Amino acid sequence: MPRGAFSDHSSPDMSLTAFSKRIALVDCNNFYVSCERVFQPDLQGVPVAVLSNNDGCIIARSNEVKALGVKMGVPYFQVRPLFERHHVRVFSSNFALYGDMSQRVMSTLARLSPDFEIYSIDECFLDMTGFGEPLEYAKEIRSTVKRWTGIGVSIGIGPSKTLAKVANKLAKKDQTGPGIRMLEPGDELEETLSALPVEGIWGIGKSLARRLKRRKIHSALNLRDASDRRITRILGALGQRIVYELRGISCLSLEEQPPAKQTICTSRSFARSVRTLEGLQEAISTFVSRAAEKLRSQGSAAGVLTVYIMTSHFGESSKYYNSLVLELPVPSCITHELLNYALIGLHRIYKKGYDYKKAGILLSNIVPSGSIQRDLFDRLGEPAGVSESPRRRGERLMKTLDRINTEFGSDTLIYASSDLRKGWRTVRGHQSPRFTTNWRELPLVKALLP
């Protein structure tokens with residue numbers, strides 16, 4: 001075993017597990033761009049960029065756009081002349097399409113490995129321990145995902161999640177290679193960790209990187225070979241786990257069931273300013289409905305609701321920001337109950353005469369819906385008759401509402417306080433059709449008869 005595969009400072013029982021596992025990180029290549037290309041083959045080989053909400057900033061770039069030197073997050077107006085010169089195809093964000101394509105990719109990966117963790121919309125960890133030849137199986141994974149979904153992926157394989165992340169970076173950098181990289185004990189691993197700055201390590205942020213650099217720890221190799229006592233003193237227990245992962249000892253297990261969110265925030269910047277209370281009510285009602293759906297989808301209820309409104313940071317118009325935190329007597333996931341509190345809060349913080357550019361709600365103090373502590377004075381808990389309380393009827397209503405909207409499409413049924421026209425909605429002037437989630441926007445196939 002090469003120098004640093006596990007440190008002399010590691011405990012003997014842990015050192016025996018070094019490089020005993022095979023963890024793969026599957027990462028979709030330029031995911032948002034790839035989703036657009038699946039249903040528009042004429043975009044292959046063409047420079048493509050995807051914009052954020054309100055068509056503000058660049059959030060996804062094809063390799064052709066990256067070659068132009070365009071950075072992630074740059075405002076669109078700054079690069080528009082460059083895009084026009086190079087005929088870059090620009091798309092507004094189409095999250096309905098991206099979310100559905102992500103589900104297809106993850107469902108495919110779930111069939112190919114019994115143990116997996118969905119890490120983000122375009123990343124998934126797979127446990128490939130005991131799979132025989134990992135590189136050959138990784139090739140099968142890449143070809144299967146491409147064949148079933150049209151999305152290309154890069155795969156990094158290592159003995160831990162942290163080293164799988166490093167291997168995946170190498171796989172993505174080598175654009176002419178097979179799109180797969182596996183890190184094993186040897187010179188390549190030593191050279192890779194030596195060239196990797198500490199701020200590039202998964203789990204090491206800018207502040208921790210500065211702390212390490214002040215102590216002459218500049219690379220992943222320096223960090224891996226540092227003594228346990230020194231690392232614990234600098235970074236604590238979390239830092240020690242990162243060091244073990246760099247030594248090839250798997251400390252971060254796969255989370256097969258994503259943990260329930262502890263906070264849920266729904267907000268938007270408006271396409272145009274909203275001055276009236278009625279306009280803000282329509283937006284807040286829509287946000288509450290979305291957040292309540294997310295609560296119910298994970299089987300949770302919220303005990304605290306925060307509502308906020310704000311004007312734009314820019315321009316010479318008057319500035320105003322305010323928020324209000326409301327505590328519910330009983331945690332709830334019932335939309336109309338949450339709506340009642342949100343609109344009460346909005347009334348309290350609203351001021352006339354301002355051009356509001358953004359609003360939102362935040363749900364917190366989230367608990368499992370099956371273990372809610374009832375309150376003696378809960379209004380919705382009062383008996384409505386012999387059979388059931390208004391709260392019980394509300395829960396049944398939510399199940400019916402969700403079932404209808406799932407079957408027939410989002411917003412089939414909405415609350416009257418929401419705005420059907422959504423005049424404040426986000427600007428998406430370059431949005432492609434929702435090819436997989438809207439009957440009216442399904443791709444059309446035409447055949448010429450002989």
# chains A, B, ... in the order shown; residues from 1 in each chain; ligands from 1
$ select_by_dssp --residues "range 229-283 of chain A" --states "alpha helix (DSSP H)" --output "PyMOL selection string"
chain A and resi 229-246+277-283
$ write_last_selection --atoms "C-alpha atoms" --output "PDB file, in the first residue's frame"
ATOM      1  CA  ARG A 229      -4.471  15.024  16.481  1.00  0.00           C
ATOM      2  CA  ARG A 230      -3.588  18.040  14.359  1.00  0.00           C
ATOM      3  CA  ILE A 231      -6.628  17.728  12.102  1.00  0.00           C
ATOM      4  CA  THR A 232      -9.016  17.269  15.038  1.00  0.00           C
ATOM      5  CA  ARG A 233      -7.570  20.389  16.621  1.00  0.00           C
ATOM      6  CA  ILE A 234      -8.044  22.406  13.412  1.00  0.00           C
ATOM      7  CA  LEU A 235     -11.289  21.015  11.978  1.00  0.00           C
ATOM      8  CA  GLY A 236     -12.888  18.876  14.682  1.00  0.00           C
ATOM      9  CA  ALA A 237     -14.641  15.543  14.141  1.00  0.00           C
ATOM     10  CA  LEU A 238     -16.008  16.505  10.708  1.00  0.00           C
ATOM     11  CA  GLY A 239     -12.517  17.262   9.450  1.00  0.00           C
ATOM     12  CA  GLN A 240     -11.298  13.926  10.753  1.00  0.00           C
ATOM     13  CA  ARG A 241     -13.948  12.112   8.724  1.00  0.00           C
ATOM     14  CA  ILE A 242     -12.857  13.983   5.597  1.00  0.00           C
ATOM     15  CA  VAL A 243      -9.243  12.914   6.214  1.00  0.00           C
ATOM     16  CA  TYR A 244     -10.259   9.265   6.630  1.00  0.00           C
ATOM     17  CA  GLU A 245     -12.222   9.485   3.375  1.00  0.00           C
ATOM     18  CA  LEU A 246      -9.107  10.820   1.610  1.00  0.00           C
ATOM     19  CA  LEU A 277     -51.948  44.189  -1.643  1.00  0.00           C
ATOM     20  CA  GLU A 278     -54.157  42.060  -3.884  1.00  0.00           C
ATOM     21  CA  GLY A 279     -51.250  41.316  -6.216  1.00  0.00           C
ATOM     22  CA  LEU A 280     -49.043  40.254  -3.324  1.00  0.00           C
ATOM     23  CA  GLN A 281     -51.849  38.096  -1.916  1.00  0.00           C
ATOM     24  CA  GLU A 282     -52.081  36.213  -5.195  1.00  0.00           C
ATOM     25  CA  ALA A 283     -48.329  35.551  -5.205  1.00  0.00           C
TER      26      ALA A 283
END
$ residues_around --residues "Asn53 in chain A" --least-positions-apart "6" --cutoff "12 Å" --atoms "only C-alpha atoms" --output "list of chain:residue names"
A:Ile59, A:Gly73, A:Pro75, A:Tyr76, A:Phe91, A:Ser92, A:Ser93, A:Asn94, A:Phe95, A:Ser267, A:Arg268, A:Ser269, A:Phe270, A:Ala271, A:Arg425, A:Thr426, A:Val427, A:Arg428, A:Gly429, A:His430, A:Gln431
$ write_last_selection --atoms "N, CA, C and O atoms" --output "compact mmCIF listing (two decimals), in the first residue's frame"
# COMPACT_ATOMS: atom_id res chain seq x y z
N ILE A 59 -26.90 29.78 -15.87
CA ILE A 59 -26.83 28.72 -14.87
C ILE A 59 -26.42 27.38 -15.46
O ILE A 59 -26.20 26.42 -14.72
N GLY A 73 -22.95 31.93 -13.73
CA GLY A 73 -23.52 33.00 -12.92
C GLY A 73 -23.37 34.39 -13.49
O GLY A 73 -23.87 35.35 -12.90
N PRO A 75 -24.22 37.66 -15.51
CA PRO A 75 -25.49 38.21 -16.01
C PRO A 75 -25.60 38.06 -17.53
O PRO A 75 -24.63 38.29 -18.26
N TYR A 76 -26.80 37.74 -17.97
CA TYR A 76 -27.01 37.49 -19.39
C TYR A 76 -26.73 38.73 -20.24
O TYR A 76 -26.14 38.65 -21.33
N PHE A 91 -31.78 29.44 -23.68
CA PHE A 91 -33.06 28.92 -23.19
C PHE A 91 -33.32 29.40 -21.77
O PHE A 91 -32.40 29.47 -20.96
N SER A 92 -34.57 29.74 -21.51
CA SER A 92 -34.99 30.00 -20.13
C SER A 92 -35.05 28.68 -19.38
O SER A 92 -35.23 27.61 -19.97
N SER A 93 -34.91 28.75 -18.06
CA SER A 93 -34.96 27.53 -17.26
C SER A 93 -36.33 26.87 -17.39
O SER A 93 -37.37 27.52 -17.36
N ASN A 94 -36.30 25.56 -17.56
CA ASN A 94 -37.51 24.75 -17.76
C ASN A 94 -37.50 23.64 -16.70
O ASN A 94 -37.22 22.48 -17.01
N PHE A 95 -37.80 24.02 -15.45
CA PHE A 95 -37.59 23.09 -14.35
C PHE A 95 -38.58 21.92 -14.37
O PHE A 95 -38.29 20.87 -13.79
N SER A 267 -40.18 31.22 -2.96
CA SER A 267 -40.17 32.65 -3.23
C SER A 267 -39.89 32.88 -4.70
O SER A 267 -39.42 31.98 -5.40
N ARG A 268 -40.17 34.08 -5.17
CA ARG A 268 -39.89 34.45 -6.55
C ARG A 268 -39.59 35.94 -6.64
O ARG A 268 -40.13 36.75 -5.89
N SER A 269 -38.74 36.29 -7.59
CA SER A 269 -38.61 37.67 -8.00
C SER A 269 -39.64 37.92 -9.10
O SER A 269 -39.80 37.09 -10.01
N PHE A 270 -40.35 39.02 -9.04
CA PHE A 270 -41.43 39.28 -9.97
C PHE A 270 -40.92 39.82 -11.29
O PHE A 270 -39.93 40.56 -11.34
N ALA A 271 -41.62 39.46 -12.37
CA ALA A 271 -41.26 39.96 -13.69
C ALA A 271 -41.42 41.48 -13.74
O ALA A 271 -40.63 42.18 -14.36
N ARG A 425 -45.65 36.62 -12.62
CA ARG A 425 -44.83 35.42 -12.74
C ARG A 425 -43.44 35.71 -13.32
O ARG A 425 -43.21 36.74 -13.95
N THR A 426 -42.57 34.75 -13.13
CA THR A 426 -41.19 34.87 -13.59
C THR A 426 -41.13 34.98 -15.12
O THR A 426 -41.85 34.28 -15.83
N VAL A 427 -40.23 35.84 -15.60
CA VAL A 427 -40.04 35.98 -17.04
C VAL A 427 -39.26 34.77 -17.57
O VAL A 427 -38.21 34.42 -17.04
N ARG A 428 -39.79 34.13 -18.59
CA ARG A 428 -39.08 33.04 -19.28
C ARG A 428 -39.31 33.23 -20.77
O ARG A 428 -40.12 32.55 -21.39
N GLY A 429 -38.58 34.20 -21.32
CA GLY A 429 -38.78 34.57 -22.71
C GLY A 429 -38.21 33.61 -23.72
O GLY A 429 -38.46 33.75 -24.92
N HIS A 430 -37.42 32.64 -23.27
CA HIS A 430 -36.77 31.70 -24.21
C HIS A 430 -37.05 30.25 -23.80
O HIS A 430 -36.22 29.37 -24.05
N GLN A 431 -38.19 29.99 -23.19
CA GLN A 431 -38.43 28.65 -22.65
C GLN A 431 -38.85 27.66 -23.72
O GLN A 431 -39.67 27.96 -24.59
$ residues_around --residues "range 408-410 of chain A" --least-positions-apart "3" --cutoff "10 Å" --atoms "only C-alpha atoms" --output "list of chain:residue names"
A:Arg290, A:Asp402, A:Arg403, A:Ile404, A:Asn405, A:Leu413, A:Ile414, A:Thr437, A:Asn438, A:Trp439
$ select_by_dssp --residues "range 218-337 of chain A" --states "strand (DSSP E)" --output "PyMOL selection string"
chain A and resi 264-274+300-311+321-332
$ residues_around --residues "Lys351 in chain A" --least-positions-apart "3" --cutoff "12 Å" --atoms "only C-alpha atoms" --output "MDAnalysis selection string"
chainID A and resid 274:277 280 309:311 318:323 346:348 354:356
$ residues_around --residues "Tyr415 in chain A" --least-positions-apart "3" --cutoff "12 Å" --atoms "only C-alpha atoms" --output "list in words"
Gln281, Glu282, Ala283, Ile284, Ser285, Thr286, Phe287, Val288, Ser289, Arg290, Thr335, His336, Glu337, Leu339, Asn340, Met398, Leu401, Asp411, Thr412, Ser418, Asp419 and Leu420 of chain A
$ atom_distance --atom1 "CA of Glu133 in chain A" --atom2 "CA of Arg104 in chain A"
25.7 Å
$ closest_residue --among "A:Leu221, A:Thr176, A:Arg393, A:Ala164" --to "Trp202 in chain A" --atoms "only C-alpha atoms"
A:Ala164
$ closest_residue --among "A:Ile118, A:Gly299, A:Asn222, A:Arg272" --to "Asn54 in chain A" --atoms "only C-alpha atoms"
A:Arg272
$ atom_distance --atom1 "CA of Asp42 in chain A" --atom2 "CA of Ile155 in chain A"
26.3 Å
$ decode --residues "range 315-342 of chain A" --atoms "N, CA, C and O atoms" --output "short mmCIF file (atom, residue, chain, number, x, y, z; two decimals), in the first residue's frame"
data_model
loop_
_atom_site.label_atom_id
_atom_site.label_comp_id
_atom_site.auth_asym_id
_atom_site.auth_seq_id
_atom_site.Cartn_x
_atom_site.Cartn_y
_atom_site.Cartn_z
N GLY A 315 -31.85 50.70 -8.39
CA GLY A 315 -32.67 51.83 -8.78
C GLY A 315 -32.77 52.88 -7.68
O GLY A 315 -32.26 52.71 -6.57
N GLU A 316 -33.48 53.93 -7.99
CA GLU A 316 -33.59 55.05 -7.06
C GLU A 316 -34.91 55.08 -6.32
O GLU A 316 -35.17 55.98 -5.53
N SER A 317 -35.79 54.10 -6.56
CA SER A 317 -37.09 54.08 -5.89
C SER A 317 -36.90 53.75 -4.40
O SER A 317 -35.86 53.25 -3.97
N SER A 318 -37.93 54.04 -3.61
CA SER A 318 -37.88 53.83 -2.17
C SER A 318 -37.69 52.35 -1.86
O SER A 318 -38.24 51.48 -2.53
N LYS A 319 -36.88 52.08 -0.83
CA LYS A 319 -36.56 50.70 -0.45
C LYS A 319 -37.35 50.30 0.80
O LYS A 319 -37.54 51.10 1.73
N TYR A 320 -37.81 49.05 0.80
CA TYR A 320 -38.55 48.55 1.96
C TYR A 320 -38.42 47.03 2.01
O TYR A 320 -38.50 46.34 0.99
N TYR A 321 -38.20 46.52 3.21
CA TYR A 321 -38.19 45.07 3.45
C TYR A 321 -38.83 44.82 4.81
O TYR A 321 -38.56 45.54 5.77
N ASN A 322 -39.66 43.79 4.87
CA ASN A 322 -40.23 43.43 6.16
C ASN A 322 -40.64 41.96 6.12
O ASN A 322 -40.91 41.40 5.06
N SER A 323 -40.66 41.36 7.28
CA SER A 323 -41.06 39.96 7.42
C SER A 323 -41.78 39.78 8.74
O SER A 323 -41.65 40.62 9.65
N LEU A 324 -42.51 38.70 8.85
CA LEU A 324 -43.23 38.40 10.09
C LEU A 324 -43.20 36.90 10.31
O LEU A 324 -43.47 36.12 9.38
N VAL A 325 -42.88 36.50 11.53
CA VAL A 325 -42.85 35.09 11.91
C VAL A 325 -44.13 34.77 12.68
O VAL A 325 -44.45 35.45 13.66
N LEU A 326 -44.85 33.75 12.22
CA LEU A 326 -46.11 33.36 12.86
C LEU A 326 -46.00 31.92 13.33
O LEU A 326 -45.64 31.03 12.56
N GLU A 327 -46.31 31.68 14.58
CA GLU A 327 -46.26 30.33 15.14
C GLU A 327 -47.67 29.74 15.17
O GLU A 327 -48.60 30.34 15.71
N LEU A 328 -47.81 28.58 14.55
CA LEU A 328 -49.11 27.92 14.51
C LEU A 328 -49.36 27.20 15.84
O LEU A 328 -48.42 26.63 16.41
N PRO A 329 -50.60 27.19 16.33
CA PRO A 329 -50.87 26.47 17.57
C PRO A 329 -50.64 24.98 17.46
O PRO A 329 -50.24 24.32 18.42
N VAL A 330 -50.84 24.45 16.24
CA VAL A 330 -50.61 23.03 15.95
C VAL A 330 -49.93 22.94 14.59
O VAL A 330 -50.41 23.55 13.63
N PRO A 331 -48.80 22.23 14.46
CA PRO A 331 -48.18 22.08 13.15
C PRO A 331 -49.17 21.56 12.12
O PRO A 331 -49.99 20.68 12.42
N SER A 332 -49.09 22.07 10.91
CA SER A 332 -50.09 21.74 9.89
C SER A 332 -49.47 21.63 8.52
O SER A 332 -48.44 22.26 8.23
N CYS A 333 -50.11 20.85 7.66
CA CYS A 333 -49.76 20.79 6.24
C CYS A 333 -50.99 21.08 5.39
O CYS A 333 -50.99 20.84 4.18
N ILE A 334 -52.03 21.57 6.01
CA ILE A 334 -53.29 21.88 5.33
C ILE A 334 -53.15 23.25 4.67
O ILE A 334 -52.93 24.26 5.36
N THR A 335 -53.31 23.31 3.38
CA THR A 335 -53.02 24.53 2.64
C THR A 335 -53.83 25.71 3.13
O THR A 335 -53.29 26.80 3.36
N HIS A 336 -55.15 25.54 3.32
CA HIS A 336 -55.96 26.70 3.68
C HIS A 336 -55.66 27.20 5.09
O HIS A 336 -55.82 28.39 5.37
N GLU A 337 -55.18 26.34 5.97
CA GLU A 337 -54.78 26.82 7.29
C GLU A 337 -53.49 27.64 7.19
O GLU A 337 -53.38 28.72 7.79
N LEU A 338 -52.51 27.14 6.43
CA LEU A 338 -51.28 27.88 6.24
C LEU A 338 -51.54 29.20 5.50
O LEU A 338 -50.93 30.23 5.80
N LEU A 339 -52.46 29.16 4.54
CA LEU A 339 -52.83 30.36 3.81
C LEU A 339 -53.39 31.44 4.74
O LEU A 339 -53.07 32.63 4.61
N ASN A 340 -54.22 31.02 5.67
CA ASN A 340 -54.83 31.96 6.60
C ASN A 340 -53.75 32.73 7.37
O ASN A 340 -53.79 33.96 7.47
N TYR A 341 -52.76 32.01 7.89
CA TYR A 341 -51.69 32.66 8.65
C TYR A 341 -50.82 33.54 7.75
O TYR A 341 -50.41 34.65 8.13
N ALA A 342 -50.52 33.04 6.54
CA ALA A 342 -49.67 33.81 5.63
C ALA A 342 -50.31 35.14 5.24
O ALA A 342 -49.64 36.18 5.21
#
